[in-house]
Every structure is written in structure tokens, then in C-alpha cells.
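A.B. asks: Below you'll find the structure I mean.
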Amino acid sequence: MRLLLLLNLLLTLPLCAEFRAAVVKVDITPATPKWLLGYADRQSTGVLDRIHHRVVALDDGQSKFVLVSTDLCMFSPSLYDEAARRLQAATGVAPLQFWWTTTHTHSAPEIGPPGIYPLLLKGRARHPIDADYHEYTEFVVQSLVTAAQQAISQLAPARLAAGTGMALANINRRARDPEGRISLGLNPEGPADRQIGLLRLEKADGSLLALIANYAMHATVLGSQFVQISGDAPGIVAAYVEQKLGAPMLYINGAAGDLAPIYSVYPDPRSGHLTQFSVLLGDRILAAQRRLPAASNQVKLAAYEHWIESPRKAGLDWTPELARYQRGNLVRLPVRLLTINDTAIWSAPVELFCEIALTIRRHSPFPHTFYFGYTNGWFGYLPTKAGFAEGGYEPATSVFSDQIEADLTNGLITFLDGLPRP
């Protein structure tokens with residue numbers, strides 16, 4: 001009888017599912033000149049360093065999650081929607097469990113559809129849209145889907161560790177003149193987020209599978225005069241860490257809306273000290289990952305979505321391409337959240353001012369809270385209320401009103417408070 005009771009008890013206990021992970025890195029460097037995105041219209045004349053998709057697939061036994069970091073500047077949320085539809089058809093992974101981020105390099109090709117660029121980059125998207133433009137966009141999307149399929153097919157037992165580091169590679173870029181006018185420059189007295197968020201994925205034998213590094217910094221070491229394809233500082237840092245560790249590193253940009261690299265908008269890699277970011281940030285990532293706690297194979301993933309509705313800036317045009325992201329005069333901002341054990345990650349398709357991410361981190365009930373910026377599309381800048389009052393480039397081009405900081409902060413902190421924790 002006792003044996004039967006014990007057997008029944010064991011059968012009712014939840015089984016401990018095996019955590020699995022995989023990583024795939026795919027070259028997406030174009031072979032022909034391409035329109036570059038981030039500054040005024042210009043075409044590439046060559047390649048400084050190659051650009052990639054880096055794809056991580058995770059599986060906790062209950063659900064799969066796909067994270068993609070791509071060496072591009074940005075793309076429309078409607079392109080994310082199309083990629084998500086195709087990825088779900090190919091793999092069964094729902095859009096909620098698929099995040100596509102960009103490193104925000106300003107030296108990589110523009111991809112479409114292009115309808116959002118005249119809206120948010122007025123005067124900076126006047127070039128012709130030809131068959132080659134659409135062909136490269138299709139190549140980028142299809143190579144992402146194929147890489148995700150490959151990663152899922154390679155899922156194997158894995159372990160995960162999370163933690164943080166710090167680097168001084170960024171600086172506030174909202175320079176202020178004696179009259180209080182704000183312009184793009186360098187402001188060493190302004191707020192900055194120097195945290196490095198880290199996720200270390202290990203194989204079952206403890207060897208490194210992949211590193212995910214989250215750091216807020218505009219990828220603008222190279223300025224508008226430079227017309228070669230490059231991953232800019234994020235690409236240089238990722239390649240450096242990969243060479244040191246022998247495994248892929250996904251660079252995930254953070255709340256970089258008002259943060260520049262400490263060397264910014266230089267005409268060439270030498271004058272911009274581009275390789276120095278391997279020391280300023282790459283070495284700090286390497287040091288921080290050595291200090292991470294022991295990795296565990298007991299991993300629980302949970303994905304969520306929370307829409308923030310906030311007034312659109314008065315008089316702003318809208319594009320039919322973004323119809324599902326508006327309701328009347330409100331912008332509907334899709335915020336995604338992922339909890340990995342006691343780490344919370346949230347993302348949004350905006351260039352967020354770092355003060356907002358810092359506030360949410362301070363109020364988060366989770367030991368580690370990371371913000372993944374430039375994720376699942378791009379709506380331009382999301383400044384603070386104070387930033388709107390000060391003026392400058394970012395508020396002038398934002399689709400939001402000065403109410404957005406309060407709407408996002410209050411809504412997200414409340415949502416984080418209600419999430420289950422281990």
C-alpha cells in the first residue's frame with residue numbers, strides 16, 4: 001500500500017523539463033552597393049567588416065523562444081510582423097516568443113518596407129526604391145527564418161547564468177549651450193546607463209555556447225562621411241569577444257536614445273578610435289562574464305506582451321503601414337517582456353532615453369532587469385517629459401507627446417509588479 005501511495009505521489013509531481021539552447025550566426029553582408037540608413041541618403045562603396053544575424057533558440061520544455069540580433073540600423077514594425085508570420089509558419093514559434101533586435105549601426109543597409117522612413121526621417125529618405133532594395137530585404141528576412149529553423153533543429157541540453165557588469169564606453173549626447181539650447185554632441189554631466197546585462201549560455205559540459213550582452217550606446221562611431229558597410233562599435237565588440245571566447249556573442253542595444261559612444265560621428269575608423277571599443281567595452285564584457293554565478297539547467301521562460309497607449313504628437317502624419325499601431329489619436333506601443341528565472345527583460349521598438357530604463361530598473365521587483373531596445377521594429381525616439389521641455393533633435397522627431405514617459409513608466413512598473421517570480 002505504501003509503495004502504491006508513493007508511486008501515485010511521484011506521478012502527480014511535475015516533471016523537471018530539460019533546458020535546451022542553440023545558436024546560429026549567419027552572414028548577411030551584401031555583395032553590391034546598398035543605401036545606408038542612419039544619416040542622410042548615401043550608398044555603400046565597400047565593406048569594412050561583415051554584418052550578421054546572430055540567432056539564439058531557447059527551450060525550457062514548455063515553450064520555445066527565439067532571439068535575433070542583427071547588424072542593421074532599424075526597420076519598420078510592419079517588417080517585424082511579416083518576419084514573425086513567416087517564422088511561425090516555418091517553426092511554430094508564435095510572435096510572442098520571437099524578438100528581433102538591431103544593433104543600430106548607422107553603416108548598414110536600409111531594409112523595407114520603406115513607408116515609415118519619410119514619416120520619421122523627414123528629408124533623409126529620398127532615394128529611389130528599386131528591385132535590388134526589395135531583393136536585399138527579402139534576403140535578410142529569409143536568412144533569419146532559415147537560421148531560426150536551423151537553431152531550433154540544433155537545440156541541445158544547456159545551462160544558463162545571468163548577471164551584470166559595467167563599462168564607460170558611452171556618454172550622454174544632449175549637449176547644452178549657454179542659452180540652454182540642446183543639440184547633438186557630448187554631455188559628460190548628463191545621465192548615462194553604464195550597466196552591461198549578461199546572459200551566458202553553456203553546453204551541458206560547461207563549455208560556452210553563446211553570450212548575450214546588453215549595453216546602451218548609439219552605434220555612431222562612424223559618421224555620415226563614412227560609406228562602407230560596418231557593424232560599427234557593436235560589430236567590432238562582438239567580433240572581439242567571439243575571437244577571445246570561441247563562441248557567438250549577441251550584442252543587444254539598450255536605452256540609447258540619448259547616449260552616444262565616447263567617440264562619435266568620425267569620418268573614418270582610425271580617427272574614431274573604433275578598435276578601442278574592444279578594450280572599453282569588449283574587455284569589460286569578458287571580465288563580467290567571468291564573474292557570473294554558476295550556470296544552471298533549471299531554467300523557466302515566460303513571455304508576455306503589454307500594450308501602452310499614449311497620445312500621438314499633435315499634427316503628426318501617420319502611415320497605413322502602421323495601422324495596427326494606432327487607435328484614434330493614440331499610438332499603440334507593443335512592449336514585450338520575458339522572465340528567465342529571476343531575471344526580467346523588457347523590450348520596445350523605440351530609441352528610449354536612458355533615464356526611463358533606469359527608473360524602471362530601480363522599481364523592478366526582479367534582481368536583474370534588462371531593457372532590449374530597437375526590438376521588433378522602430379518608432380523613433382521616446383524621450384522623457386523633461387526632454388520634451390528642453391527640446392532638441394529627439395523630441396522634435398518623436399511621434400509621442402510628453403505624456404509618454406508617465407504612461408510607459410507607470411504601466412510597465414505595475415505590470416512587472418504583477419508578474420510571478422520564482
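Residues in the C-alpha cells are numbered from 1 in each chain, the chains being A, B, ... in the order shown, and ligands are numbered from 1 in the order shown.
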Tell me which protein, DNA and RNA residues are within 7 Å of region 306-317 of chain A, counting only C-alpha atoms, leaving out same-chain ones fewer than 3 positions away, and put them as a list in words.
C.D. replies: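 Here the answer would be Leu119, Asn329, Leu330, Val331, Arg332, Leu333, Pro334, Val335, Arg336, Val399, Phe400, Ser401, Gln403, Ile404, Asp407 and Leu408 of chain A.
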A.B. asks: Can you tell me which residues surround Ala288 (chain A) at a distance of at most 12 Å, considering only C-alpha atoms, apart from same-chain residues fewer than 4 positions away, and format the answer as number ranges by chain?
C.D. replies: A: 161-167, 195-200, 211-214, 241, 281-284, 292-293
A.B. asks: Pick out the closest residue to Val93 (chain A) from this set: A:Ser76, A:Gln62, A:Lys244, A:His106. Count only C-alpha atoms.
C.D. replies: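 When distances to Val93 (chain A) are compared using only C-alpha atoms, the smallest one comes from A:Gln62.
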A.B. asks: So how many Å separate CA of Thr29 (chain A) and CA of Pro349 (chain A), to one decimal?
C.D. replies: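 Result for CA of Thr29 (chain A) versus CA of Pro349 (chain A): 23.6 Å, one decimal.
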A.B. asks: Just checking: using only C-alpha atoms, which residue out of A:Ile236, A:Pro33, A:Cys354, A:Ala204 ends up closest to Gln298 (chain A)?
C.D. replies: A:Ala204
A.B. asks: From the set A:Arg324, A:Lys34, A:His127, A:Arg173, which residue has the shortest atom-to-atom contact distance to Ser264 (chain A), counting only C-alpha atoms?
C.D. replies: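 Smallest distance to Ser264 (chain A) is found for A:Arg173.
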A.B. asks: Which of these, A:Ala147, A:Ala294, A:Ala31, A:Ile152, has the shortest distance to Glu202 (chain A) once you count only C-alpha atoms?
C.D. replies: A:Ala294
A.B. asks: If DSSP is run on the backbone, what residues of region 42-284 of chain A are helix (DSSP H, G or I)? A reply as an MDAnalysis selection string would be ideal.
C.D. replies: chainID A and resid 77:91 95:97 116:120 131:153 232:245 274:284
A.B. asks: Please produce, as JSON lines, a per-residue contact table for region 217-304 of chain A versus region 358-378 of chain A (criterion: any atom at most 9 Å away, only C-alpha atoms considered), showing the nearest atom pair and its distance in Å to one decimal, sorted by chain then residue number.
C.D. replies:
{"residue": "A:Ile252", "atom": "CA", "partner": "A:Phe372", "partner_atom": "CA", "distance": 6.2}
{"residue": "A:Asn253", "atom": "CA", "partner": "A:Gly373", "partner_atom": "CA", "distance": 5.6}
{"residue": "A:Gly254", "atom": "CA", "partner": "A:Gly373", "partner_atom": "CA", "distance": 4.6}
{"residue": "A:Ala255", "atom": "CA", "partner": "A:Gly373", "partner_atom": "CA", "distance": 5.8}
{"residue": "A:Ala256", "atom": "CA", "partner": "A:Gly373", "partner_atom": "CA", "distance": 7.7}
A.B. asks: Limited to N, CA, C and O atoms, could you put the picked residues into a file as a JSON list (two decimals), in the first residue's frame?
C.D. replies:
[["chain", "number", "residue", "atom", "x", "y", "z"],
["A", 252, "ILE", "N", 23.07, 43.25, -27.79],
["A", 252, "ILE", "CA", 21.71, 43.77, -27.71],
["A", 252, "ILE", "C", 21.78, 45.19, -27.19],
["A", 252, "ILE", "O", 22.18, 45.44, -26.05],
["A", 253, "ASN", "N", 21.42, 46.15, -28.03],
["A", 253, "ASN", "CA", 21.47, 47.55, -27.60],
["A", 253, "ASN", "C", 20.40, 47.83, -26.55],
["A", 253, "ASN", "O", 19.41, 47.10, -26.45],
["A", 254, "GLY", "N", 20.62, 48.87, -25.77],
["A", 254, "GLY", "CA", 19.71, 49.20, -24.69],
["A", 254, "GLY", "C", 19.01, 50.53, -24.92],
["A", 254, "GLY", "O", 18.66, 50.87, -26.05],
["A", 255, "ALA", "N", 18.83, 51.28, -23.84],
["A", 255, "ALA", "CA", 18.15, 52.57, -23.91],
["A", 255, "ALA", "C", 19.15, 53.64, -24.35],
["A", 255, "ALA", "O", 19.65, 54.42, -23.55],
["A", 256, "ALA", "N", 19.42, 53.66, -25.64],
["A", 256, "ALA", "CA", 20.49, 54.50, -26.19],
["A", 256, "ALA", "C", 19.97, 55.77, -26.85],
["A", 256, "ALA", "O", 20.71, 56.45, -27.56]]
